[in-house]
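Content type CSV, C-alpha atoms and all ligand atoms, from the file protein_22.csv:
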chain,number,residue,atom,x,y,z
A,126,MET,CA,-2.5,14.9,-41.3
A,127,LYS,CA,-5.7,15.5,-43.3
A,128,ALA,CA,-6.6,11.8,-43.0
A,129,LEU,CA,-6.4,12.0,-39.2
A,130,LEU,CA,-8.9,14.9,-39.1
A,131,PRO,CA,-12.6,13.9,-38.8
A,132,LYS,CA,-14.7,14.7,-41.9
A,133,SER,CA,-17.6,16.5,-40.1
A,134,ILE,CA,-17.3,20.0,-38.7
A,135,LYS,CA,-18.7,18.6,-35.5
A,136,GLY,CA,-15.9,16.2,-35.3
A,137,LYS,CA,-13.3,18.8,-36.1
A,138,VAL,CA,-14.7,21.2,-33.5
A,139,SER,CA,-14.8,18.4,-30.9
A,140,LEU,CA,-11.3,17.4,-31.7
A,141,ILE,CA,-9.8,20.9,-31.4
A,142,ILE,CA,-11.6,21.9,-28.2
A,143,GLY,CA,-11.1,18.4,-26.7
A,144,SER,CA,-7.3,18.7,-27.4
A,145,ILE,CA,-7.3,22.2,-25.9
A,146,ALA,CA,-9.1,20.8,-22.8
A,147,VAL,CA,-6.7,18.0,-22.3
A,148,ALA,CA,-3.6,20.2,-23.0
A,149,SER,CA,-4.7,23.1,-20.8
A,150,GLY,CA,-5.7,20.6,-18.0
A,151,LEU,CA,-2.3,18.9,-18.1
A,152,ILE,CA,-0.4,22.2,-18.3
A,153,THR,CA,-2.3,23.7,-15.4
A,154,GLY,CA,-2.0,20.5,-13.4
A,155,PHE,CA,1.8,20.2,-13.9
A,156,TYR,CA,2.3,23.9,-13.4
A,157,THR,CA,0.3,23.9,-10.1
A,158,TYR,CA,2.1,20.8,-8.9
A,159,ASN,CA,5.5,22.3,-9.5
A,160,GLU,CA,4.6,25.6,-7.9
A,161,GLU,CA,3.1,23.8,-4.9
A,162,VAL,CA,6.1,21.6,-4.5
A,163,LYS,CA,8.4,24.6,-4.7
A,164,LYS,CA,6.3,26.5,-2.2
A,165,ALA,CA,6.0,23.4,0.1
A,166,LYS,CA,9.8,23.0,0.0
A,167,GLU,CA,10.3,26.5,1.1
A,168,VAL,CA,7.7,26.2,3.9
A,169,SER,CA,9.2,22.9,5.1
A,170,LYS,CA,12.7,24.5,5.1
A,171,GLU,CA,11.4,27.5,7.1
A,172,LYS,CA,9.7,25.1,9.6
A,173,VAL,CA,12.8,23.1,10.0
A,174,ARG,CA,15.0,26.2,10.4
A,175,LEU,CA,12.7,27.6,13.0
A,176,THR,CA,12.7,24.2,14.9
A,177,LEU,CA,16.5,24.2,14.9
A,178,ALA,CA,16.7,27.8,16.0
A,179,PHE,CA,14.3,27.0,18.9
A,180,SER,CA,16.2,23.9,19.9
A,181,LYS,CA,19.5,25.9,19.9
A,182,SER,CA,17.9,28.6,21.9
A,183,ILE,CA,16.4,26.2,24.5
A,184,ARG,CA,19.7,24.4,24.8
A,185,GLY,CA,21.5,27.7,25.3
A,186,TYR,CA,19.0,29.0,27.8
A,187,VAL,CA,19.2,25.8,29.9
A,188,ARG,CA,23.0,25.8,29.8
A,189,GLU,CA,23.5,29.5,30.5
A,190,THR,CA,20.6,30.4,32.7
A,191,LEU,CA,18.5,27.6,34.1
A,192,ARG,CA,21.2,25.1,35.0
A,193,PRO,CA,23.5,27.6,36.9
A,194,LYS,CA,20.5,29.1,38.6
A,195,ILE,CA,19.3,25.7,39.9
A,196,TYR,CA,22.9,24.8,41.0
A,197,GLU,CA,22.9,28.1,42.9
A,198,LEU,CA,19.6,27.3,44.6
A,199,MET,CA,20.9,23.8,45.4
A,200,ASN,CA,23.9,25.2,47.1
A,201,GLU,CA,21.9,27.8,49.0
A,202,TYR,CA,19.2,25.3,50.2
A,203,LYS,CA,21.1,22.3,51.4
A,204,CYS,CA,17.8,20.5,52.0
A,205,ILE,CA,17.6,19.5,48.3
A,206,LYS,CA,19.0,16.0,48.2
A,207,GLU,CA,19.6,15.7,44.4
A,208,ASP,CA,22.9,16.9,42.9
A,209,PHE,CA,21.3,17.2,39.4
A,210,ILE,CA,17.7,17.8,38.4
A,211,LEU,CA,17.2,16.3,35.1
A,212,GLU,CA,13.9,18.0,34.3
A,213,ALA,CA,15.4,21.5,34.8
A,214,GLN,CA,19.1,21.0,34.1
A,215,SER,CA,19.5,18.8,31.1
A,216,SER,CA,19.2,20.8,27.9
A,217,SER,CA,18.7,17.6,25.8
A,218,PHE,CA,16.0,16.3,28.2
A,219,LEU,CA,14.2,19.6,28.2
A,220,THR,CA,14.4,20.2,24.5
A,221,SER,CA,13.2,16.7,23.5
A,222,ASN,CA,10.3,16.9,25.9
A,223,ILE,CA,9.2,20.3,24.6
A,224,PHE,CA,9.4,19.1,21.1
A,225,ARG,CA,7.4,16.0,21.7
A,226,SER,CA,4.4,18.3,22.2
A,227,VAL,CA,5.4,20.5,19.3
A,228,SER,CA,5.4,17.5,17.0
A,229,ARG,CA,1.9,16.7,18.1
A,230,GLU,CA,0.8,20.2,17.0
A,231,PHE,CA,2.9,20.1,13.8
A,232,GLN,CA,2.1,16.6,12.5
A,233,GLY,CA,5.2,14.6,12.3
A,234,LEU,CA,7.7,17.4,12.7
A,235,THR,CA,10.3,15.6,14.8
A,236,LEU,CA,13.4,16.7,16.7
A,237,ARG,CA,16.1,14.2,17.5
A,238,GLN,CA,19.3,14.9,19.5
A,239,VAL,CA,21.7,12.0,19.1
A,240,ALA,CA,25.2,11.2,19.8
A,241,PHE,CA,27.6,8.2,19.6
A,242,LYS,CA,27.9,6.7,23.1
A,243,PRO,CA,24.7,8.4,24.4
A,244,LEU,CA,23.5,8.6,28.0
A,245,ASN,CA,20.0,7.7,26.9
A,246,PRO,CA,20.0,4.6,24.6
A,247,LYS,CA,17.1,6.2,22.7
A,248,ASN,CA,19.5,8.8,21.5
A,249,GLU,CA,21.7,6.3,19.6
A,250,PRO,CA,22.1,7.6,16.0
A,251,THR,CA,20.2,5.7,13.3
A,252,PRO,CA,22.2,4.6,10.2
A,253,VAL,CA,21.1,7.7,8.3
A,254,GLU,CA,22.1,9.9,11.2
A,255,GLN,CA,25.4,8.2,11.6
A,256,LYS,CA,26.2,9.0,7.9
A,257,ILE,CA,25.3,12.6,8.4
A,258,ILE,CA,27.5,12.9,11.6
A,259,GLU,CA,30.3,11.3,9.6
A,260,TYR,CA,29.7,13.9,6.9
A,261,PHE,CA,30.0,16.7,9.6
A,262,ARG,CA,33.2,15.2,10.8
A,263,LYS,CA,34.7,15.0,7.3
A,264,THR,CA,33.6,18.3,5.9
A,265,LYS,CA,33.3,20.5,9.0
A,266,ALA,CA,30.0,21.8,7.5
A,267,PRO,CA,27.9,23.8,9.9
A,268,GLU,CA,24.6,22.5,8.6
A,269,TYR,CA,23.1,19.8,6.5
A,270,THR,CA,19.7,19.9,4.7
A,271,GLU,CA,18.6,17.2,2.3
A,272,ILE,CA,15.6,15.1,1.4
A,273,VAL,CA,16.3,11.5,2.5
A,274,ASN,CA,14.4,8.3,2.0
A,275,ILE,CA,13.8,6.3,5.2
A,276,ASN,CA,11.7,3.1,4.8
A,277,ASN,CA,10.3,4.3,1.5
A,278,TYR,CA,9.1,7.6,3.1
A,279,ARG,CA,10.8,10.9,2.2
A,280,TYR,CA,11.7,13.3,4.9
A,281,LEU,CA,13.3,16.8,4.7
A,282,VAL,CA,16.1,16.4,7.1
A,283,SER,CA,18.0,19.3,8.5
A,284,ALA,CA,20.8,18.9,11.1
A,285,PHE,CA,23.7,20.6,12.8
A,286,PRO,CA,26.6,19.0,14.5
A,287,VAL,CA,27.1,18.7,18.3
A,288,LYS,CA,30.6,19.6,19.3
A,289,VAL,CA,31.9,18.5,22.7
A,290,GLU,CA,33.0,21.3,25.1
A,291,ALA,CA,34.9,20.8,28.3
A,292,SER,CA,31.8,21.5,30.3
A,293,CYS,CA,30.0,18.5,28.7
A,294,LEU,CA,32.4,16.0,30.2
A,295,MET,CA,30.9,16.3,33.7
A,296,CYS,CA,28.0,14.2,32.4
A,297,HIS,CA,29.3,12.8,29.2
A,298,GLY,CA,32.8,11.9,30.3
A,299,LYS,CA,33.6,9.4,33.0
A,300,VAL,CA,30.8,7.6,35.0
A,301,GLU,CA,32.6,8.5,38.2
A,302,ASN,CA,32.3,12.2,37.6
A,303,MET,CA,28.6,12.1,36.7
A,304,PRO,CA,26.1,13.6,39.1
A,305,LYS,CA,24.5,10.9,41.2
A,306,ALA,CA,21.1,11.6,39.8
A,307,VAL,CA,22.3,11.1,36.2
A,308,LYS,CA,23.9,7.8,37.2
A,309,ALA,CA,20.8,6.7,39.0
A,310,ILE,CA,18.5,7.5,36.0
A,311,TYR,CA,20.6,6.2,33.1
A,312,LYS,CA,22.7,3.6,34.9
A,313,PRO,CA,25.6,3.9,32.4
A,314,LYS,CA,27.6,0.7,32.1
A,315,GLU,CA,30.7,2.3,30.6
A,316,ASP,CA,32.2,5.7,30.3
A,317,PRO,CA,30.8,7.7,27.4
A,318,ASN,CA,34.2,9.3,27.3
A,319,TRP,CA,33.3,12.1,24.9
A,320,LYS,CA,36.4,14.1,23.7
A,321,VAL,CA,36.5,17.8,23.8
A,322,ASP,CA,36.2,19.5,20.3
A,323,GLU,CA,35.1,16.3,18.7
A,324,ILE,CA,31.8,16.2,16.7
A,325,GLN,CA,30.0,13.6,18.8
A,326,GLY,CA,26.5,13.8,17.5
A,327,GLY,CA,23.9,16.0,15.9
A,328,ILE,CA,20.6,17.7,16.3
A,329,PHE,CA,18.2,16.5,13.6
A,330,VAL,CA,14.8,17.9,12.5
A,331,TYR,CA,12.6,15.7,10.4
A,332,GLU,CA,9.8,17.1,8.3
A,333,PRO,CA,7.5,14.5,6.7
A,334,TYR,CA,8.1,15.5,3.1
A,335,GLU,CA,6.0,12.7,1.5
A,336,ALA,CA,2.8,14.2,2.9
A,337,THR,CA,3.8,17.6,1.6
A,338,LEU,CA,4.4,16.1,-1.9
A,339,LEU,CA,1.1,14.3,-1.7
A,340,ARG,CA,-0.7,17.5,-0.9
A,341,ALA,CA,1.0,19.3,-3.9
A,342,GLN,CA,0.1,16.4,-6.2
A,343,LEU,CA,-3.5,16.5,-5.0
A,344,SER,CA,-3.7,20.2,-5.5
A,345,GLY,CA,-2.2,19.9,-9.0
A,346,LEU,CA,-4.7,17.2,-9.8
A,347,ILE,CA,-7.7,19.2,-8.5
A,348,LYS,CA,-6.7,22.4,-10.4
A,349,GLY,CA,-5.8,20.6,-13.6
A,350,GLY,CA,-8.9,18.5,-13.4
A,351,THR,CA,-11.1,21.5,-12.9
A,352,ILE,CA,-9.7,23.3,-15.9
A,353,PHE,CA,-10.2,20.1,-18.0
A,354,PHE,CA,-13.8,19.7,-16.9
A,355,VAL,CA,-14.5,23.4,-17.5
A,356,ASN,CA,-13.1,23.1,-21.0
A,357,ILE,CA,-15.2,19.9,-21.6
A,358,LEU,CA,-18.3,21.8,-20.4
A,359,VAL,CA,-17.4,24.7,-22.8
A,360,LEU,CA,-17.1,22.1,-25.6
A,361,GLY,CA,-20.5,20.6,-24.7
A,362,ILE,CA,-22.1,24.1,-24.8
A,363,ILE,CA,-20.5,25.0,-28.1
A,364,LEU,CA,-21.6,21.7,-29.7
A,365,TRP,CA,-25.1,22.2,-28.4
A,366,ILE,CA,-25.2,25.7,-29.9
A,367,LEU,CA,-23.8,24.5,-33.2
A,368,ASN,CA,-26.3,21.6,-33.3
A,369,ARG,CA,-29.2,23.8,-32.6
A,370,TYR,CA,-28.4,26.7,-34.9
A,371,VAL,CA,-26.2,25.2,-37.6
A,372,PHE,CA,-26.2,21.4,-37.9
A,373,SER,CA,-29.8,20.5,-37.6
A,374,PRO,CA,-31.1,23.4,-39.8
A,375,ILE,CA,-28.5,22.2,-42.4
A,376,ASN,CA,-29.8,18.7,-42.1
A,377,VAL,CA,-33.4,19.8,-42.7
A,378,LEU,CA,-32.2,21.7,-45.8
A,379,LYS,CA,-30.3,18.7,-47.0
A,380,GLU,CA,-33.4,16.5,-46.7
A,381,HIS,CA,-35.4,19.0,-48.8
A,382,ALA,CA,-32.6,19.2,-51.4
A,383,ASP,CA,-32.7,15.4,-51.6
A,384,LYS,CA,-36.4,15.5,-52.2
A,385,ILE,CA,-36.2,18.2,-54.8
A,386,SER,CA,-33.5,16.2,-56.6
A,387,LYS,CA,-35.9,13.3,-56.8
A,388,GLY,CA,-38.6,15.5,-58.2
A,389,GLU,CA,-40.7,15.9,-55.0
A,390,ILE,CA,-41.1,19.6,-55.3
A,391,ASP,CA,-44.3,20.4,-53.4
A,392,ASP,CA,-43.1,20.6,-49.7
A,393,ARG,CA,-42.4,24.1,-48.5
A,394,ILE,CA,-39.0,24.6,-47.1
A,395,PRO,CA,-39.3,26.0,-43.6
A,396,VAL,CA,-37.5,29.3,-43.0
A,397,LYS,CA,-36.4,29.9,-39.4
A,398,GLY,CA,-34.5,32.9,-38.2
A,399,GLU,CA,-32.8,35.7,-40.0
A,400,ASP,CA,-29.2,34.3,-39.8
A,401,GLU,CA,-27.0,32.9,-42.5
A,402,ILE,CA,-28.8,29.6,-42.4
A,403,GLY,CA,-32.2,31.4,-42.5
A,404,GLU,CA,-31.0,33.3,-45.6
A,405,LEU,CA,-29.9,30.0,-47.2
A,406,ALA,CA,-33.3,28.4,-46.5
A,407,LYS,CA,-35.0,31.4,-48.1
A,408,ALA,CA,-32.8,31.1,-51.2
A,409,PHE,CA,-33.6,27.3,-51.3
A,410,GLU,CA,-37.3,28.1,-51.0
A,411,ARG,CA,-37.1,30.6,-53.9
A,412,MET,CA,-35.3,28.1,-56.0
A,413,ARG,CA,-37.9,25.4,-55.2
A,414,ILE,CA,-40.7,27.8,-56.2
A,415,SER,CA,-38.9,28.7,-59.5
A,416,ILE,CA,-38.4,25.0,-60.3
A,417,LYS,CA,-42.0,24.3,-59.4
A,418,LYS,CA,-43.1,27.1,-61.8
A,419,VAL,CA,-41.0,25.8,-64.6
A,420,MET,CA,-42.2,22.3,-64.0
A,421,ASP,CA,-45.9,23.5,-63.9
A,422,LEU,CA,-45.3,25.3,-67.3
A,423,LEU,CA,-43.9,22.1,-68.7
A,424,LYS,CA,-46.9,20.0,-67.8
B,1,LIG,C1,24.8,18.1,34.0
B,1,LIG,C2,24.8,17.0,33.1
B,1,LIG,C3,25.0,17.3,31.6
B,1,LIG,C4,25.9,18.1,31.0
B,1,LIG,C5,26.9,19.0,31.6
B,1,LIG,C6,25.6,18.0,29.6
B,1,LIG,N1,24.7,17.1,29.3
B,1,LIG,FE1,24.1,16.4,27.6
B,1,LIG,N2,22.8,15.2,28.4
B,1,LIG,C7,22.6,15.1,29.8
B,1,LIG,C8,21.5,14.1,30.0
B,1,LIG,C9,21.0,13.7,31.4
B,1,LIG,C10,21.1,13.6,28.8
B,1,LIG,C11,20.1,12.6,28.5
B,1,LIG,C12,18.8,13.3,28.2
B,1,LIG,C13,17.7,12.4,27.6
B,1,LIG,O1,17.3,11.5,28.3
B,1,LIG,O2,17.3,12.6,26.5
B,1,LIG,C14,22.0,14.3,27.8
B,1,LIG,C15,21.9,14.1,26.4
B,1,LIG,C16,22.7,14.7,25.5
B,1,LIG,C17,22.6,14.4,24.1
B,1,LIG,C18,21.8,13.3,23.4
B,1,LIG,C19,22.6,12.0,23.4
B,1,LIG,C20,22.7,11.3,24.8
B,1,LIG,O3,23.8,11.3,25.3
B,1,LIG,O4,21.6,10.8,25.2
B,1,LIG,C21,23.5,15.3,23.5
B,1,LIG,C22,23.7,15.4,22.0
B,1,LIG,C23,24.0,16.1,24.5
B,1,LIG,N3,23.5,15.7,25.7
B,1,LIG,C24,24.9,17.1,24.3
B,1,LIG,C25,25.6,17.8,25.3
B,1,LIG,C26,26.6,18.8,25.1
B,1,LIG,C27,27.1,19.2,23.7
B,1,LIG,C28,27.0,19.2,26.3
B,1,LIG,C29,28.0,20.3,26.6
B,1,LIG,C30,27.9,21.5,25.9
B,1,LIG,C31,26.2,18.5,27.3
B,1,LIG,N4,25.4,17.7,26.7
B,1,LIG,C32,26.3,18.7,28.6
B,1,LIG,C33,23.2,15.7,30.8
B,1,LIG,C34,24.2,16.7,30.6

Would you write out, as structure tokens, the structure that this file holds?
Ligand code: HEC
Amino acid sequence: MKALLPKSIKGKVSLIIGSIAVASGLITGFYTYNEEVKKAKEVSKEKVRLTLAFSKSIRGYVRETLRPKIYELMNEYKCIKEDFILEAQSSSFLTSNIFRSVSREFQGLTLRQVAFKPLNPKNEPTPVEQKIIEYFRKTKAPEYTEIVNINNYRYLVSAFPVKVEASCLMCHGKVENMPKAVKAIYKPKEDPNWKVDEIQGGIFVYEPYEATLLRAQLSGLIKGGTIFFVNILVLGIILWILNRYVFSPINVLKEHADKISKGEIDDRIPVKGEDEIGELAKAFERMRISIKKVMDLLK
């Protein structure tokens, strides 16, 4: 251990404060990173939960309020030719369109409503979504939240299952029962044939977690780095103070002591300041004068 320590005081001080700088920088960095990740996870989860709650509410509102109201108006005013108005009566269509603009506001926050045998081919579940739907089928879990890796990018995914009700079959059952407007828009080639009470799909919310992690890493790096550089600055200042008030006066004394040891006894030793080193210089000077007196006597 002793062999590892530098010989000079300057070296020892540098080593100790340098180590403190590195250690405190690293500890602060890791601590900040961990805290930020924890915080970011919570925020992401809240965002996702809010999104799911909104999507559920919009779907409920369309089903219970908007759709029946529009049907009522259609029956009342026979002049309306359509038997189904997609923009106002499809809960999926409405929700996905609303959330398209939400995800523009909240970078990358995405909502997907998918199902096996979908009306809109865009709503075909991806392999990851298929697995989660299978999980819902097997476990009957009401919700799923996990960080998943898709194409080397991590997302916080939250989902809930979509269960088929009898009322869904009008549009998701047989093609012959579908409103003309739905047939005209989606041109289904075969019956979706959803079965009542079956878990047919899921509502998925994706929060780009990789970006969140990156922000946490950056924050940890900045905070840890700042602490490190502040410590290095403190080290610099301490070394400067030591150099000015301790090391260089000691060097001057050492040079004079060397001279005295070689018999060069006439140079005055400069005394600067009243501190410990000043006192030492005074004592040296007194010693030089005494030696000089003795040497003069001997001549
Ligand atoms: C009056 C017609 C109608 C009814 C009733 C209906 N839907 Fe849909 N649904 C649609 C349309 C139209 C789409 C396609 C929207 C789009 O383009 O994204 C759709 C899409 C979906 C999707 C996305 C997958 C796909 O098929 O494209 C899910 C999930 C869904 N509906 C669930 C339900 C559930 C659950 C019910 C019953 C509680 C239901 N729907 C009742 C018209 C309907």

Check: Can you tell me, as an MDAnalysis selection string, what residues are no more than 12 Å from Glu401 (chain A) when counting only C-alpha atoms, ignoring any on the same chain fewer than 3 positions away?
Finding: chainID A and resid 370:371 374:375 396:398 404:408

Notebook entry, point to check: Which is closer to Ile390 (chain A) than all the others in A:Met420, A:Leu338, A:Ile366, A:Leu234, using only C-alpha atoms?
Noted result: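 Comparing A:Met420, A:Leu338, A:Ile366, A:Leu234 against Ile390 (chain A), the winner is A:Met420.
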
How close does each residue of chain A get to ligand LIG 1 (chain B), giving the shortest atom pair and distance in Å to one decimal for every residue with an atom at most 7 Å away, counting only C-alpha atoms and all ligand atoms, sorted by chain and residue number, as a tab-separated table?
residue	atom	partner	partner_atom	distance
A:Phe209	CA	B:LIG1	C1	6.5
A:Leu211	CA	B:LIG1	C9	5.9
A:Gln214	CA	B:LIG1	C1	6.4
A:Ser215	CA	B:LIG1	C33	4.8
A:Ser216	CA	B:LIG1	FE1	6.6
A:Ser217	CA	B:LIG1	C15	4.8
A:Phe218	CA	B:LIG1	C12	4.1
A:Ser221	CA	B:LIG1	O2	6.5
A:Gln238	CA	B:LIG1	C18	4.9
A:Val239	CA	B:LIG1	C19	4.4
A:Ala240	CA	B:LIG1	C19	4.5
A:Lys242	CA	B:LIG1	O3	6.5
A:Pro243	CA	B:LIG1	O3	3.2
A:Leu244	CA	B:LIG1	O3	3.8
A:Asn245	CA	B:LIG1	O4	3.9
A:Pro246	CA	B:LIG1	O4	6.4
A:Lys247	CA	B:LIG1	O4	6.9
A:Asn248	CA	B:LIG1	O4	4.7
A:Glu249	CA	B:LIG1	C19	6.9
A:Val287	CA	B:LIG1	C27	5.4
A:Lys288	CA	B:LIG1	C27	5.6
A:Val289	CA	B:LIG1	C27	5.0
A:Glu290	CA	B:LIG1	C30	5.2
A:Ser292	CA	B:LIG1	C29	5.4
A:Cys293	CA	B:LIG1	C29	3.4
A:Leu294	CA	B:LIG1	C5	6.4
A:Met295	CA	B:LIG1	C5	5.3
A:Cys296	CA	B:LIG1	C2	4.3
A:His297	CA	B:LIG1	N1	6.3
A:Pro304	CA	B:LIG1	C1	6.9
A:Val307	CA	B:LIG1	C9	5.6
A:Gly326	CA	B:LIG1	C22	5.5
A:Gly327	CA	B:LIG1	C22	6.1
A:Ile328	CA	B:LIG1	C22	6.9

Next item on the list: For CA of Ala291 (chain A) and CA of Thr176 (chain A), determine how far apart the two atoms are, in Å to one decimal place.
Entry: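 So the answer is 26.2 Å.
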
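Residue neighbourhood of Lys305 (chain A), excluding near-sequence residues (fewer than 5 positions): Glu207, Asp208, Phe209 and Ile310 of chain A, at 9 Å, using only C-alpha atoms.
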
Margin query: Which polymer residues, whether protein, DNA or RNA, lie within 12 Å of the coordinate (5.1, 22.8, -12.2) when you count all atoms listed in the file? List them as a ChimeraX atom specification, using the chain letters and numbers from the file.
Written below: /A:151-164,341-342,344-346,348-349

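Between CA of Ile362 (chain A) and CA of Gly143 (chain A) there is a distance of 12.5 Å.
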
Would you tabulate, counting only C-alpha atoms, all residues of region 328-399 of chain A that have an atom at most 7 Å from an atom of region 264-279 of chain A, showing the closest pair of atoms and their distance in Å to one decimal, sorted by chain then ascending number, as a tab-separated table?
residue	atom	partner	partner_atom	distance
A:Pro333	CA	A:Arg279	CA	6.6
A:Tyr334	CA	A:Arg279	CA	5.4
A:Glu335	CA	A:Arg279	CA	5.2

Checklist line | Selected residue, from A:Leu191, A:Phe409, A:Tyr280, A:Leu364, that lies nearest to Glu380 (chain A) when counting all atoms listed in the file | finding: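 Closest candidate: A:Phe409.
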
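Distances to Val187 (chain A) were evaluated for A:Leu140, A:Val321, A:Leu219, A:Val330 using all atoms listed in the file, and the minimum falls at A:Leu219.
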